[in-house]
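Enquirer: Have a look at the structure that comes next, please.
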Amino acid sequence: MTAIVVQSLGFLTLVALAAAVVMGFSLALPGRYLTQRLVDATPMVAVGWAWLVAALATAGSLYLSDGVGLEPCKLCWLQRIAMYPLVIVLGVAWLRRDRQVWKTAVPLASIGALISAYHVLIQWRPALEVTECSASAPCSLRYFLVYGFVSIPVMAGAAFLLILALLAHVAGAVPGPENPVRASVDPQAAEDDFIPSTGPINP
């Protein structure tokens, strides 16, 4: 059972990395053609997907620690501190249809991604470790390695990157001062942001 779950988490990690790369690449394209119709038309769908990614990452980490009995290291806990609140933040935002949630979620996901990157680095280069982890759960220890490179921090990092990619598109889909370019080229966005003047109009 554990092997099946770990293999499944490894496969989902590959999917998350691929999706993050595609969505990140599309941000560099003029008009973001790859995702414009999907995300710009319904940005809350992207928030829902980001919540699902955070929820799966949280469930996976809890299964590995509480279900399998793998002791989290210090860096694992720091990544959990960044990931777990995203489940609540993104979930509440999705229920309230809050498109501005990226302003809160992006800093959390960014911090988590940086910690994951450092954790992966010291797993491959333990000599670069500057933190002091416990002897029972050293930060450089890899409990498993799926597909030759997917460890627990790689899984967490992939989740953070995909959440960031989704939220980047949400931020770009929000009309108004945060995205003046879209408001200027999107007639519907401009119409939504238009506030009629109540004062006199000078000829």
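Starting from 1 in every chain, residues are counted up; chains themselves are A, B, ... following the order of the structure tokens, and ligands are numbered from 1 as listed.
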Could you give me, as JSON lines, a per-residue list for range 24-134 of chain A showing, wherever an atom lies at most 10 Å from an atom of range 159-173 of chain A, the closest pair of atoms and their distance in Å to one decimal, using only C-alpha atoms and sorting by chain then residue number from low to high?
Expert:
```
{"residue": "A:Gly24", "atom": "CA", "partner": "A:Ala165", "partner_atom": "CA", "distance": 5.9}
{"residue": "A:Phe25", "atom": "CA", "partner": "A:Ala165", "partner_atom": "CA", "distance": 9.6}
{"residue": "A:Ser26", "atom": "CA", "partner": "A:His169", "partner_atom": "CA", "distance": 9.4}
{"residue": "A:Leu27", "atom": "CA", "partner": "A:His169", "partner_atom": "CA", "distance": 7.6}
{"residue": "A:Arg32", "atom": "CA", "partner": "A:His169", "partner_atom": "CA", "distance": 9.0}
{"residue": "A:Thr35", "atom": "CA", "partner": "A:His169", "partner_atom": "CA", "distance": 8.0}
{"residue": "A:Gln36", "atom": "CA", "partner": "A:Ala173", "partner_atom": "CA", "distance": 8.2}
{"residue": "A:Leu38", "atom": "CA", "partner": "A:His169", "partner_atom": "CA", "distance": 9.8}
{"residue": "A:Val39", "atom": "CA", "partner": "A:His169", "partner_atom": "CA", "distance": 6.5}
{"residue": "A:Asp40", "atom": "CA", "partner": "A:Ala173", "partner_atom": "CA", "distance": 4.7}
{"residue": "A:Ala41", "atom": "CA", "partner": "A:Ala173", "partner_atom": "CA", "distance": 7.9}
{"residue": "A:Thr42", "atom": "CA", "partner": "A:Ala173", "partner_atom": "CA", "distance": 8.6}
{"residue": "A:Pro43", "atom": "CA", "partner": "A:Val170", "partner_atom": "CA", "distance": 5.3}
{"residue": "A:Met44", "atom": "CA", "partner": "A:Val170", "partner_atom": "CA", "distance": 7.6}
{"residue": "A:Val45", "atom": "CA", "partner": "A:Val170", "partner_atom": "CA", "distance": 9.1}
{"residue": "A:Ala46", "atom": "CA", "partner": "A:Leu166", "partner_atom": "CA", "distance": 5.7}
{"residue": "A:Val47", "atom": "CA", "partner": "A:Leu167", "partner_atom": "CA", "distance": 6.9}
{"residue": "A:Gly48", "atom": "CA", "partner": "A:Leu166", "partner_atom": "CA", "distance": 9.5}
{"residue": "A:Trp49", "atom": "CA", "partner": "A:Leu166", "partner_atom": "CA", "distance": 7.7}
{"residue": "A:Ala50", "atom": "CA", "partner": "A:Ile163", "partner_atom": "CA", "distance": 5.0}
{"residue": "A:Trp51", "atom": "CA", "partner": "A:Ile163", "partner_atom": "CA", "distance": 8.1}
{"residue": "A:Leu52", "atom": "CA", "partner": "A:Ile163", "partner_atom": "CA", "distance": 9.4}
{"residue": "A:Val53", "atom": "CA", "partner": "A:Ala159", "partner_atom": "CA", "distance": 6.2}
{"residue": "A:Ala54", "atom": "CA", "partner": "A:Ala159", "partner_atom": "CA", "distance": 6.9}
{"residue": "A:Ala55", "atom": "CA", "partner": "A:Ala159", "partner_atom": "CA", "distance": 9.9}
{"residue": "A:Leu56", "atom": "CA", "partner": "A:Ala159", "partner_atom": "CA", "distance": 8.8}
{"residue": "A:Ala57", "atom": "CA", "partner": "A:Ala159", "partner_atom": "CA", "distance": 6.7}
{"residue": "A:Thr58", "atom": "CA", "partner": "A:Ala159", "partner_atom": "CA", "distance": 9.9}
{"residue": "A:Gln79", "atom": "CA", "partner": "A:Phe160", "partner_atom": "CA", "distance": 9.5}
{"residue": "A:Ala82", "atom": "CA", "partner": "A:Phe160", "partner_atom": "CA", "distance": 9.2}
{"residue": "A:Met83", "atom": "CA", "partner": "A:Phe160", "partner_atom": "CA", "distance": 7.8}
{"residue": "A:Leu86", "atom": "CA", "partner": "A:Ile163", "partner_atom": "CA", "distance": 9.4}
{"residue": "A:Arg99", "atom": "CA", "partner": "A:Val170", "partner_atom": "CA", "distance": 7.0}
{"residue": "A:Gln100", "atom": "CA", "partner": "A:Ala171", "partner_atom": "CA", "distance": 7.4}
{"residue": "A:Val101", "atom": "CA", "partner": "A:Leu167", "partner_atom": "CA", "distance": 8.4}
{"residue": "A:Trp102", "atom": "CA", "partner": "A:Leu167", "partner_atom": "CA", "distance": 5.6}
{"residue": "A:Lys103", "atom": "CA", "partner": "A:Ala171", "partner_atom": "CA", "distance": 8.3}
{"residue": "A:Ala105", "atom": "CA", "partner": "A:Leu167", "partner_atom": "CA", "distance": 7.9}
{"residue": "A:Val106", "atom": "CA", "partner": "A:Leu164", "partner_atom": "CA", "distance": 6.2}
{"residue": "A:Pro107", "atom": "CA", "partner": "A:Leu164", "partner_atom": "CA", "distance": 9.3}
{"residue": "A:Leu108", "atom": "CA", "partner": "A:Phe160", "partner_atom": "CA", "distance": 8.9}
{"residue": "A:Ala109", "atom": "CA", "partner": "A:Phe160", "partner_atom": "CA", "distance": 5.3}
{"residue": "A:Ser110", "atom": "CA", "partner": "A:Phe160", "partner_atom": "CA", "distance": 7.2}
{"residue": "A:Ile111", "atom": "CA", "partner": "A:Phe160", "partner_atom": "CA", "distance": 9.0}
{"residue": "A:Gly112", "atom": "CA", "partner": "A:Phe160", "partner_atom": "CA", "distance": 6.5}
{"residue": "A:Ala113", "atom": "CA", "partner": "A:Phe160", "partner_atom": "CA", "distance": 5.4}
{"residue": "A:Leu114", "atom": "CA", "partner": "A:Phe160", "partner_atom": "CA", "distance": 9.2}
{"residue": "A:Ser116", "atom": "CA", "partner": "A:Phe160", "partner_atom": "CA", "distance": 8.6}
```
Enquirer: Skip Ile152 in chain A itself and residues of its chain fewer than 4 positions away, then list as a ChimeraX atom specification all residues within 12 Å of it, counting only C-alpha atoms.
Expert: /A:6-7,9-10,13,57-58,60-65,70-73,75-77,79-80,116-117,119-120,123,139-146,156-159
Enquirer: Which of range 15-195 of chain A counts as strand (DSSP E or B) under DSSP, as a ChimeraX atom specification please?
Expert: /A:146,150,176,179
Enquirer: Mind pulling up the distance from CA of Phe11 in chain A to CA of Gly148 in chain A?
Expert: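 Taking CA of Gly148 in chain A and CA of Phe11 in chain A, their separation equals 12.2 Å.
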